[in-house]
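File shown here: final_32.tsv, holding TSV, C-alpha atoms.
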chain	number	residue	atom	x	y	z
F	20	MET	CA	42.38	-21.96	-20.41
F	21	ILE	CA	39.49	-23.32	-22.41
F	22	SER	CA	37.31	-23.79	-19.31
F	23	GLN	CA	37.48	-20.07	-18.54
F	24	TRP	CA	36.17	-19.25	-22.00
F	25	ILE	CA	33.35	-21.75	-21.67
F	26	LEU	CA	32.33	-20.54	-18.22
F	27	ALA	CA	32.51	-16.86	-19.19
F	28	LEU	CA	30.40	-17.56	-22.26
F	29	ALA	CA	27.86	-19.48	-20.16
F	30	LEU	CA	27.50	-16.52	-17.77
F	31	VAL	CA	27.08	-14.10	-20.68
F	32	LEU	CA	24.34	-16.37	-22.05
F	33	VAL	CA	22.58	-16.39	-18.66
F	34	GLY	CA	22.75	-12.59	-18.64
F	35	LEU	CA	21.31	-12.39	-22.16
F	36	TYR	CA	18.55	-14.76	-21.16
F	37	LEU	CA	17.70	-12.42	-18.29
F	38	LEU	CA	17.40	-9.45	-20.66
F	39	LYS	CA	16.04	-10.99	-23.82
F	40	ALA	CA	14.14	-14.18	-23.10
F	41	ARG	CA	10.89	-14.53	-25.00
F	42	ARG	CA	8.29	-17.20	-24.72
F	43	SER	CA	9.09	-18.99	-27.94
F	44	ALA	CA	8.95	-22.62	-29.02
F	45	SER	CA	12.63	-22.57	-29.99
F	46	GLN	CA	13.77	-21.42	-26.55
F	47	GLN	CA	11.58	-24.03	-24.91
F	48	ALA	CA	13.06	-26.71	-27.16
F	49	ILE	CA	16.61	-25.58	-26.35
F	50	ARG	CA	15.84	-25.67	-22.62
F	51	ARG	CA	14.48	-29.20	-22.90
F	52	LEU	CA	17.42	-30.46	-24.96
F	53	PHE	CA	19.73	-28.87	-22.43
F	54	ILE	CA	18.06	-30.81	-19.62
F	55	ILE	CA	18.29	-34.09	-21.55
F	56	VAL	CA	21.99	-33.52	-22.20
F	57	ALA	CA	22.56	-32.61	-18.53
F	58	LEU	CA	20.78	-35.77	-17.41
F	59	ALA	CA	22.80	-37.92	-19.78
F	60	ALA	CA	26.04	-36.29	-18.65
F	61	GLY	CA	25.05	-36.83	-15.01
F	62	PHE	CA	24.32	-40.47	-15.66
F	63	PHE	CA	27.69	-40.86	-17.35
F	64	ALA	CA	29.45	-39.13	-14.46
F	65	VAL	CA	27.83	-41.46	-11.96
F	66	LEU	CA	28.76	-44.62	-13.89
F	67	PHE	CA	32.31	-43.53	-14.76
F	68	PRO	CA	33.47	-41.05	-12.11
F	69	ASN	CA	37.05	-41.22	-13.37
F	70	TYR	CA	36.06	-39.74	-16.70
F	71	THR	CA	34.95	-36.49	-15.08
F	72	THR	CA	38.57	-35.89	-14.07
F	73	ILE	CA	39.77	-36.77	-17.55
F	74	VAL	CA	37.31	-34.35	-19.14
F	75	ALA	CA	38.17	-31.73	-16.49
F	76	SER	CA	41.88	-31.86	-17.13
F	77	TYR	CA	41.24	-31.75	-20.88
F	78	LEU	CA	39.37	-28.47	-20.27
F	79	GLY	CA	42.12	-27.17	-18.00
F	80	ILE	CA	40.35	-27.76	-14.69
F	81	GLY	CA	42.16	-29.75	-12.00
F	82	ARG	CA	39.60	-32.19	-10.65
F	83	GLY	CA	36.38	-33.72	-11.87
F	84	ALA	CA	34.64	-32.48	-8.72
F	85	ASP	CA	35.52	-28.91	-9.68
F	86	LEU	CA	34.07	-29.44	-13.14
F	87	LEU	CA	30.81	-30.63	-11.57
F	88	LEU	CA	30.77	-27.68	-9.20
F	89	TYR	CA	31.22	-25.16	-12.04
F	90	ALA	CA	28.52	-26.84	-14.11
F	91	PHE	CA	26.22	-26.79	-11.10
F	92	VAL	CA	26.75	-23.07	-10.44
F	93	VAL	CA	26.03	-22.16	-14.06
F	94	PHE	CA	22.94	-24.35	-14.09
F	95	ALA	CA	21.69	-22.90	-10.78
F	96	LEU	CA	22.09	-19.33	-12.06
F	97	PHE	CA	20.26	-20.18	-15.23
F	98	TYR	CA	17.47	-21.73	-13.20
F	99	VAL	CA	17.10	-18.62	-11.02
F	100	VAL	CA	16.90	-16.38	-14.07
F	101	HIS	CA	14.41	-18.66	-15.75
F	102	GLN	CA	12.15	-18.69	-12.68
F	103	TYR	CA	12.39	-14.91	-12.43
F	104	ARG	CA	11.24	-14.55	-16.03
F	105	ARG	CA	8.37	-16.95	-15.43
F	106	GLN	CA	7.32	-14.89	-12.46
F	107	LEU	CA	7.33	-11.69	-14.51
F	108	TRP	CA	5.12	-13.39	-17.06
F	109	GLN	CA	2.80	-14.67	-14.34
F	110	GLU	CA	2.47	-11.16	-12.96
F	111	LYS	CA	1.49	-9.91	-16.38
F	112	VAL	CA	-1.18	-12.59	-16.68
F	113	THR	CA	-2.52	-11.76	-13.22
F	114	THR	CA	-2.63	-8.07	-14.10
F	115	ASP	CA	-4.52	-8.69	-17.34
F	116	LEU	CA	-6.99	-10.89	-15.53
F	117	ALA	CA	-7.55	-8.45	-12.66
F	118	ARG	CA	-7.94	-5.58	-15.11
F	119	ALA	CA	-10.47	-7.46	-17.23
F	120	LEU	CA	-12.45	-8.23	-14.08
F	121	THR	CA	-12.34	-4.60	-12.93
F	122	LEU	CA	-13.45	-3.27	-16.30
F	123	ALA	CA	-16.24	-5.84	-16.64
F	124	GLN	CA	-17.55	-4.88	-13.21
F	125	ALA	CA	-17.35	-1.19	-14.12
F	126	GLU	CA	-19.26	-1.77	-17.33
F	127	LEU	CA	-21.96	-3.62	-15.42
F	128	ASP	CA	-22.24	-0.82	-12.86
F	129	ASP	CA	-22.43	1.80	-15.61
F	130	LEU	CA	-25.19	-0.15	-17.30
F	131	LYS	CA	-27.19	-0.39	-14.08
F	132	ARG	CA	-26.70	3.29	-13.43
F	133	SER	CA	-27.86	4.33	-16.90
F	134	ARG	CA	-30.99	2.17	-16.53
F	135	ARG	CA	-31.82	3.77	-13.20
F	136	SER	CA	-31.56	7.32	-14.53
T	3	MET	CA	-13.27	36.71	-26.80
T	4	PRO	CA	-15.79	37.93	-24.19
T	5	LYS	CA	-15.25	36.51	-20.78
T	6	SER	CA	-18.50	34.54	-20.64
T	7	ALA	CA	-17.66	32.74	-23.89
T	8	ALA	CA	-14.25	31.81	-22.52
T	9	THR	CA	-15.86	30.44	-19.38
T	10	ALA	CA	-18.35	28.50	-21.44
T	11	ARG	CA	-15.56	26.99	-23.49
T	12	SER	CA	-13.53	26.02	-20.47
T	13	ARG	CA	-16.69	24.48	-18.99
T	14	SER	CA	-16.98	22.17	-21.97
T	15	LEU	CA	-13.28	21.30	-21.63
T	16	GLU	CA	-13.94	20.10	-18.13
T	17	GLN	CA	-16.95	18.13	-19.32
T	18	ASP	CA	-14.92	16.04	-21.74
T	19	ALA	CA	-11.73	15.54	-19.77
T	20	TRP	CA	-11.45	12.53	-17.50
T	21	VAL	CA	-9.34	12.68	-14.37
T	22	VAL	CA	-7.72	9.37	-13.42
T	23	VAL	CA	-6.65	8.98	-9.79
T	24	PRO	CA	-5.00	5.74	-8.65
T	25	ILE	CA	-5.57	5.13	-4.95
T	26	PHE	CA	-4.05	2.73	-2.50
T	27	ASN	CA	-4.80	3.16	1.20
T	28	GLU	CA	-5.27	6.93	1.08
T	29	ALA	CA	-8.21	7.24	3.49
T	30	GLU	CA	-6.42	9.99	5.45
T	31	VAL	CA	-6.44	12.41	2.53
T	32	ILE	CA	-8.58	11.13	-0.35
T	33	GLY	CA	-11.91	12.77	0.54
T	34	PRO	CA	-10.93	16.44	0.14
T	35	VAL	CA	-8.69	15.72	-2.87
T	36	ILE	CA	-11.56	14.11	-4.79
T	37	ALA	CA	-14.10	16.69	-3.60
T	38	ASP	CA	-11.84	19.42	-4.94
T	39	LEU	CA	-11.55	17.64	-8.31
T	40	THR	CA	-15.27	16.96	-8.72
T	41	LYS	CA	-15.95	20.65	-8.12
T	42	HIS	CA	-14.15	21.41	-11.39
T	43	PHE	CA	-14.29	18.25	-13.49
T	44	ALA	CA	-17.38	16.35	-14.59
T	45	HIS	CA	-15.58	13.00	-14.71
T	46	VAL	CA	-13.29	11.82	-11.96
T	47	VAL	CA	-12.49	8.12	-11.97
T	48	CYS	CA	-10.55	6.52	-9.11
T	49	ILE	CA	-8.90	3.15	-9.42
T	50	ASP	CA	-8.77	1.61	-6.00
T	51	ASP	CA	-5.78	-0.69	-6.19
T	52	GLY	CA	-6.89	-3.18	-3.58
T	53	SER	CA	-6.89	-0.84	-0.57
T	54	SER	CA	-7.44	-2.42	2.82
T	55	ASP	CA	-8.97	0.76	4.26
T	56	ASN	CA	-12.15	2.60	3.22
T	57	SER	CA	-10.47	4.80	0.58
T	58	ALA	CA	-12.85	3.56	-2.12
T	59	GLU	CA	-15.94	4.45	-0.11
T	60	LEU	CA	-14.60	7.90	0.74
T	61	ALA	CA	-13.77	8.59	-2.91
T	62	ARG	CA	-17.26	7.49	-3.91
T	63	GLN	CA	-18.84	9.77	-1.32
T	64	ALA	CA	-16.75	12.66	-2.64
T	65	GLY	CA	-18.31	12.12	-6.05
T	66	ALA	CA	-15.82	9.97	-7.97
T	67	ARG	CA	-16.57	6.97	-10.11
T	68	VAL	CA	-14.60	4.20	-8.39
T	69	LEU	CA	-13.23	1.09	-10.09
T	70	GLN	CA	-11.76	-1.55	-7.84
T	71	HIS	CA	-8.89	-3.91	-8.54
T	72	PRO	CA	-9.55	-7.25	-6.85
T	73	LEU	CA	-5.97	-7.22	-5.55
T	74	ASN	CA	-3.06	-4.81	-5.24
T	75	LEU	CA	-1.17	-4.59	-8.53
T	76	GLY	CA	0.71	-1.29	-8.34
T	77	GLN	CA	0.22	2.31	-9.39
T	78	GLY	CA	1.21	1.72	-13.02
T	79	ALA	CA	-1.38	-1.05	-13.35
T	80	ALA	CA	-4.05	1.17	-11.77
T	81	LEU	CA	-3.32	3.98	-14.22
T	82	GLN	CA	-3.55	1.62	-17.18
T	83	THR	CA	-6.91	0.30	-15.96
T	84	GLY	CA	-8.09	3.90	-15.77
T	85	PHE	CA	-6.79	4.56	-19.29
T	86	ASP	CA	-8.64	1.51	-20.63
T	87	TYR	CA	-11.83	2.68	-18.95
T	88	VAL	CA	-11.58	6.24	-20.26
T	89	SER	CA	-10.81	5.11	-23.80
T	90	ARG	CA	-14.21	3.39	-23.83
T	91	GLN	CA	-16.06	6.57	-22.91
T	92	PRO	CA	-17.75	8.29	-25.82
T	93	GLY	CA	-16.90	11.98	-26.12
T	94	ALA	CA	-13.77	11.85	-23.96
T	95	THR	CA	-11.12	14.22	-25.29
T	96	HIS	CA	-8.39	14.16	-22.64
T	97	VAL	CA	-7.23	12.13	-19.71
T	98	ILE	CA	-5.56	13.78	-16.73
T	99	THR	CA	-3.47	11.77	-14.28
T	100	PHE	CA	-3.56	13.12	-10.75
T	101	ASP	CA	-2.01	11.74	-7.55
T	102	ALA	CA	-4.30	10.87	-4.65
T	103	ASP	CA	-2.05	12.18	-1.90
T	104	GLY	CA	-2.98	15.82	-2.36
T	105	GLN	CA	0.35	17.00	-3.72
T	106	HIS	CA	-1.10	18.51	-6.91
T	107	LEU	CA	-3.18	21.65	-7.40
T	108	VAL	CA	-6.43	21.40	-9.32
T	109	SER	CA	-5.73	24.85	-10.77
T	110	ASP	CA	-2.52	23.48	-12.34
T	111	ALA	CA	-4.49	20.64	-13.92
T	112	LEU	CA	-7.03	23.10	-15.33
T	113	GLU	CA	-4.32	25.29	-16.81
T	114	MET	CA	-2.56	22.31	-18.37
T	115	LEU	CA	-5.82	21.11	-19.92
T	116	GLU	CA	-6.46	24.58	-21.26
T	117	LEU	CA	-2.98	24.70	-22.79
T	118	ALA	CA	-3.32	21.24	-24.35
T	119	THR	CA	-6.63	22.19	-25.93
T	120	ARG	CA	-5.80	25.71	-27.05
T	121	LYS	CA	-2.41	24.85	-28.60
T	122	ARG	CA	-3.43	21.35	-29.66
T	123	ILE	CA	-0.58	19.74	-27.77
T	124	SER	CA	-0.95	15.99	-27.38
T	125	VAL	CA	0.78	15.62	-24.03
T	126	VAL	CA	1.43	18.14	-21.27
T	127	PHE	CA	3.70	17.01	-18.46
T	128	GLY	CA	3.69	18.80	-15.14
T	129	SER	CA	7.10	19.92	-13.91
T	130	ARG	CA	7.98	21.19	-10.45
T	131	PHE	CA	11.34	22.51	-11.61
T	132	LEU	CA	10.18	25.17	-14.06
T	133	ASP	CA	9.45	27.74	-11.40
T	134	LYS	CA	10.38	28.41	-7.80
T	135	ARG	CA	7.12	27.45	-6.10
T	136	THR	CA	8.11	23.90	-5.13
T	137	LYS	CA	10.77	23.44	-2.49
T	138	PRO	CA	11.96	19.87	-2.33
T	139	GLY	CA	14.63	19.01	0.19
T	140	LEU	CA	18.18	18.25	-0.93
T	141	LYS	CA	17.77	14.49	-0.86
T	142	LYS	CA	14.48	14.63	-2.79
T	143	ARG	CA	16.12	16.93	-5.32
T	144	ILE	CA	18.96	14.46	-5.87
T	145	VAL	CA	16.54	11.55	-6.34
T	146	LEU	CA	14.44	13.50	-8.82
T	147	LYS	CA	17.40	14.85	-10.77
T	148	LEU	CA	18.78	11.33	-11.11
T	149	ALA	CA	15.40	10.21	-12.43
T	150	VAL	CA	15.44	13.08	-14.92
T	151	LEU	CA	18.92	12.20	-16.12
T	152	PHE	CA	17.98	8.57	-16.49
T	153	THR	CA	14.75	9.38	-18.32
T	154	ARG	CA	16.66	11.58	-20.76
T	155	VAL	CA	19.14	8.84	-21.56
T	156	PHE	CA	16.49	6.13	-21.78
T	157	THR	CA	13.79	8.02	-23.71
T	158	GLY	CA	15.57	10.90	-25.42
T	159	LEU	CA	12.92	13.33	-24.19
T	160	ARG	CA	14.44	16.34	-22.45
T	161	LEU	CA	12.09	16.66	-19.49
T	162	THR	CA	12.98	18.66	-16.40
T	163	ASP	CA	10.86	16.53	-14.06
T	164	ALA	CA	10.49	12.82	-14.75
T	165	HIS	CA	8.32	11.67	-11.91
T	166	ASN	CA	5.50	14.12	-11.72
T	167	GLY	CA	2.10	12.49	-11.38
T	168	LEU	CA	0.24	15.36	-13.04
T	169	ARG	CA	-0.10	14.91	-16.81
T	170	VAL	CA	-2.64	15.71	-19.51
T	171	LEU	CA	-2.89	13.34	-22.48
T	172	SER	CA	-5.11	13.66	-25.51
T	173	MET	CA	-7.05	10.59	-26.58
T	174	GLU	CA	-4.69	10.30	-29.54
T	175	ALA	CA	-1.71	10.14	-27.18
T	176	LEU	CA	-3.51	7.61	-25.02
T	177	GLY	CA	-3.56	5.28	-28.02
T	178	PHE	CA	0.25	5.10	-27.84
T	179	VAL	CA	0.39	4.34	-24.13
T	180	ARG	CA	0.34	0.78	-22.87
T	181	LEU	CA	1.81	0.56	-19.36
T	182	GLU	CA	3.33	-2.79	-18.57
T	183	GLN	CA	5.29	-1.64	-15.56
T	184	ASN	CA	2.90	-2.25	-12.70
T	185	GLY	CA	5.05	-0.54	-10.09
T	186	MET	CA	6.60	2.91	-9.99
T	187	SER	CA	8.57	2.56	-13.23
T	188	HIS	CA	5.51	3.50	-15.27
T	189	ALA	CA	6.47	7.19	-15.06
T	190	THR	CA	9.52	6.58	-17.22
T	191	GLU	CA	7.64	4.08	-19.38
T	192	ILE	CA	4.95	6.61	-20.26
T	193	VAL	CA	7.59	9.16	-21.32
T	194	HIS	CA	9.30	6.48	-23.39
T	195	GLN	CA	6.07	5.61	-25.23
T	196	ILE	CA	5.21	9.25	-25.87
T	197	ALA	CA	8.74	9.84	-27.18
T	198	LYS	CA	8.34	6.93	-29.60
T	199	SER	CA	4.95	8.24	-30.80
T	200	ARG	CA	6.59	11.52	-31.91
T	201	LEU	CA	3.49	13.42	-30.82
T	202	SER	CA	3.77	17.02	-29.66
T	203	TRP	CA	4.48	17.54	-25.99
T	204	ARG	CA	5.16	20.35	-23.58
T	205	GLU	CA	6.09	20.81	-19.96
T	206	TYR	CA	4.11	23.09	-17.73
T	207	PRO	CA	5.22	24.54	-14.39
T	208	VAL	CA	3.25	23.08	-11.51
T	209	GLU	CA	3.59	23.23	-7.78
T	210	VAL	CA	4.05	20.08	-5.73
T	211	LEU	CA	2.94	20.38	-2.13
T	212	TYR	CA	5.11	18.38	0.19
T	213	THR	CA	2.83	17.53	3.04
T	214	GLU	CA	3.88	15.25	5.87
T	215	TYR	CA	1.62	12.65	4.28
T	216	SER	CA	3.12	12.78	0.79
T	217	LYS	CA	6.63	12.78	2.24
T	218	ARG	CA	5.86	9.62	4.10
T	219	LYS	CA	4.62	7.98	0.91
T	220	GLY	CA	7.45	9.38	-1.24
T	221	GLN	CA	10.11	7.42	-3.04
T	222	SER	CA	13.56	6.70	-1.75
T	223	LEU	CA	16.86	6.78	-3.55
T	224	TRP	CA	16.84	2.99	-3.70
T	225	ASN	CA	13.79	3.14	-5.89
T	226	SER	CA	15.82	4.72	-8.72
T	227	VAL	CA	17.84	1.53	-8.80
T	228	ASN	CA	14.66	-0.56	-8.90
T	229	ILE	CA	13.25	1.51	-11.75
T	230	LEU	CA	16.45	1.13	-13.75
T	231	ILE	CA	16.35	-2.65	-13.41
T	232	ASP	CA	12.60	-2.83	-14.07
T	233	LEU	CA	13.04	-1.09	-17.39
T	234	LEU	CA	16.04	-3.15	-18.47
T	235	VAL	CA	14.62	-6.55	-17.53
T	236	ARG	CA	11.19	-6.86	-19.10
For this file, produce the structure as structure tokens.
Amino acid sequence: MISQWILALALVLVGLYLLKARRSASQQAIRRLFIIVALAAGFFAVLFPNYTTIVASYLGIGRGADLLLYAFVVFALFYVVHQYRRQLWQEKVTTDLARALTLAQAELDDLKRSRRS
Amino acid sequence: MPKSAATARSRSLEQDAWVVVPIFNEAEVIGPVIADLTKHFAHVVCIDDGSSDNSAELARQAGARVLQHPLNLGQGAALQTGFDYVSRQPGATHVITFDADGQHLVSDALEMLELATRKRISVVFGSRFLDKRTKPGLKKRIVLKLAVLFTRVFTGLRLTDAHNGLRVLSMEALGFVRLEQNGMSHATEIVHQIAKSRLSWREYPVEVLYTEYSKRKGQSLWNSVNILIDLLVR
């Protein structure tokens, strides 16, 4: 079934994103395009609910509701992974900041100490 | 070499080596550990990783230079801050990492420093499994052996003890180390970076004292899983 291939591929991509994501302009652009496409598809699904079933059966899925559910699960997983990566990056920024502060304070203290002696 | 000359030389070793001790809420034990270090080493720098007790003050009283993180970042982050600080010190030749919980012997650190200097070895790792002095329990042994196995696969370096906090690094080796793992995974990360640098390294038998205190602070089996995931997802 074609839907199984698509879903499996989507999960592999989410896994790769977890391992390999970098903060690059291209990945940001892809994410944004993805959101635009998802919005457009959602809009279409709201206006023409029947078509979701037609697309679903074309992909080998029974009902349109199932198609939406699968798409939602993949999107949710991707979102979790993306937030996790953002958090890792935030932690790195916090660390660099805290370290810079610590070292600046140390340098100041050392300077004071060398003046005193 | 006459004995006095040897002593004089080892004195200068201890003048130019910097001991880095990360501390996080170690008030129970830190005083004597630092006092013991400052007896032998001219430069002992503690990185207080946002302790909520008076560890920093106690370390200062015992004679250490204390740097303070404004918040708790993790042992790996504290070590890296110490490394950055030492690399700015003129005349520094070696950096020694030493755990705050009193599980290492200062005499082991001195011997490792001596070996690194005499044989010009860039990195000396302490290992508790090279002699029979250390007696870890069965569970601890399993955790550590798993860590060793994993470190071998991940880094290609055939160490016998992957998570020993006692290490001596030359300033050259320090240039290859950049710890990004803030938590406990830095032990494997440091081995990985040394392996990539292709610098000379050696293991040296050390004793690890399992006190009630260090046992309480020790790592669990679950942490091996966390370390694995930390190193894969970066």
What gap, in Å, lies between atom CA of Thr95 of chain T and atom CA of Val68 of chain T?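 Answer for the atom CA of Thr95 of chain T to atom CA of Val68 of chain T separation: 20.0 Å.
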message: Using only C-alpha atoms and a cut-off of 8 Å, which residues of chain T sit close to chain F? Please list them as number ranges by chain.
response: T: 69-73, 75, 79, 83, 87, 182, 234-236
Using all atoms listed in the file for the distances, tell me which of T:Glu191, T:Glu116, T:Asp101, T:Asp55 is nearest to Asn166 of chain T.
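Checking each candidate against Asn166 of chain T, we get T:Asp101 as the closest.
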Pairwise distance, atom CA of Ile229 of chain T with atom CA of Thr157 of chain T, equals 13.6 Å
query: So, counting all atoms listed in the file, which residue among F:Leu26, F:Ile80, F:Ile73, F:Ala44 is closest to Val93 of chain F?
result: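 Nearest to Val93 of chain F: F:Leu26.
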I'd like the contact shell of Thr136 of chain T - 10 Å cut-off, only C-alpha atoms, skipping same-chain residues fewer than 2 positions apart - returned as an mmCIF file with C-alpha atoms, in the frame of the given file.
data_model
loop_
_atom_site.group_PDB
_atom_site.id
_atom_site.type_symbol
_atom_site.label_atom_id
_atom_site.label_comp_id
_atom_site.auth_asym_id
_atom_site.auth_seq_id
_atom_site.Cartn_x
_atom_site.Cartn_y
_atom_site.Cartn_z
ATOM 1 C CA SER T 129 7.100 19.920 -13.910
ATOM 2 C CA ARG T 130 7.980 21.190 -10.450
ATOM 3 C CA PHE T 131 11.340 22.510 -11.610
ATOM 4 C CA LEU T 132 10.180 25.170 -14.060
ATOM 5 C CA ASP T 133 9.450 27.740 -11.400
ATOM 6 C CA LYS T 134 10.380 28.410 -7.800
ATOM 7 C CA PRO T 138 11.960 19.870 -2.330
ATOM 8 C CA GLY T 139 14.630 19.010 0.190
ATOM 9 C CA PRO T 207 5.220 24.540 -14.390
ATOM 10 C CA VAL T 208 3.250 23.080 -11.510
ATOM 11 C CA GLU T 209 3.590 23.230 -7.780
ATOM 12 C CA VAL T 210 4.050 20.080 -5.730
ATOM 13 C CA LEU T 211 2.940 20.380 -2.130
ATOM 14 C CA TYR T 212 5.110 18.380 0.190
#
List every protein, DNA or RNA residue that has an atom no more than 10 Å from (-5.3, 16.5, -27.0) in the file's coordinate frame, counting all atoms listed in the file, and report them as a PDB file with C-alpha atoms, in the coordinates of the input.
ATOM      1  CA  ALA T  19     -11.730  15.540 -19.770  1.00  0.00           C
ATOM      2  CA  THR T  95     -11.120  14.220 -25.290  1.00  0.00           C
ATOM      3  CA  HIS T  96      -8.390  14.160 -22.640  1.00  0.00           C
ATOM      4  CA  VAL T  97      -7.230  12.130 -19.710  1.00  0.00           C
ATOM      5  CA  LEU T 115      -5.820  21.110 -19.920  1.00  0.00           C
ATOM      6  CA  GLU T 116      -6.460  24.580 -21.260  1.00  0.00           C
ATOM      7  CA  LEU T 117      -2.980  24.700 -22.790  1.00  0.00           C
ATOM      8  CA  ALA T 118      -3.320  21.240 -24.350  1.00  0.00           C
ATOM      9  CA  THR T 119      -6.630  22.190 -25.930  1.00  0.00           C
ATOM     10  CA  ARG T 120      -5.800  25.710 -27.050  1.00  0.00           C
ATOM     11  CA  LYS T 121      -2.410  24.850 -28.600  1.00  0.00           C
ATOM     12  CA  ARG T 122      -3.430  21.350 -29.660  1.00  0.00           C
ATOM     13  CA  ILE T 123      -0.580  19.740 -27.770  1.00  0.00           C
ATOM     14  CA  SER T 124      -0.950  15.990 -27.380  1.00  0.00           C
ATOM     15  CA  VAL T 125       0.780  15.620 -24.030  1.00  0.00           C
ATOM     16  CA  VAL T 126       1.430  18.140 -21.270  1.00  0.00           C
ATOM     17  CA  VAL T 170      -2.640  15.710 -19.510  1.00  0.00           C
ATOM     18  CA  LEU T 171      -2.890  13.340 -22.480  1.00  0.00           C
ATOM     19  CA  SER T 172      -5.110  13.660 -25.510  1.00  0.00           C
ATOM     20  CA  MET T 173      -7.050  10.590 -26.580  1.00  0.00           C
ATOM     21  CA  GLU T 174      -4.690  10.300 -29.540  1.00  0.00           C
ATOM     22  CA  ALA T 175      -1.710  10.140 -27.180  1.00  0.00           C
ATOM     23  CA  LEU T 176      -3.510   7.610 -25.020  1.00  0.00           C
ATOM     24  CA  SER T 202       3.770  17.020 -29.660  1.00  0.00           C
ATOM     25  CA  TRP T 203       4.480  17.540 -25.990  1.00  0.00           C
TER      26      TRP T 203
END
*Around the point (-7.0, 24.5, -14.2) in the file's coordinates, collect all residues with an atom within 12 Å, using all atoms listed in the file, and return them as a PyMOL selection string.*
chain T and resi 9+12-13+15-16+19+38-39+41-43+98+106-119+168+170+206+208
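Going from atom CA of Glu28 of chain T over to atom CA of Ala102 of chain T, you cover 7.0 Å.
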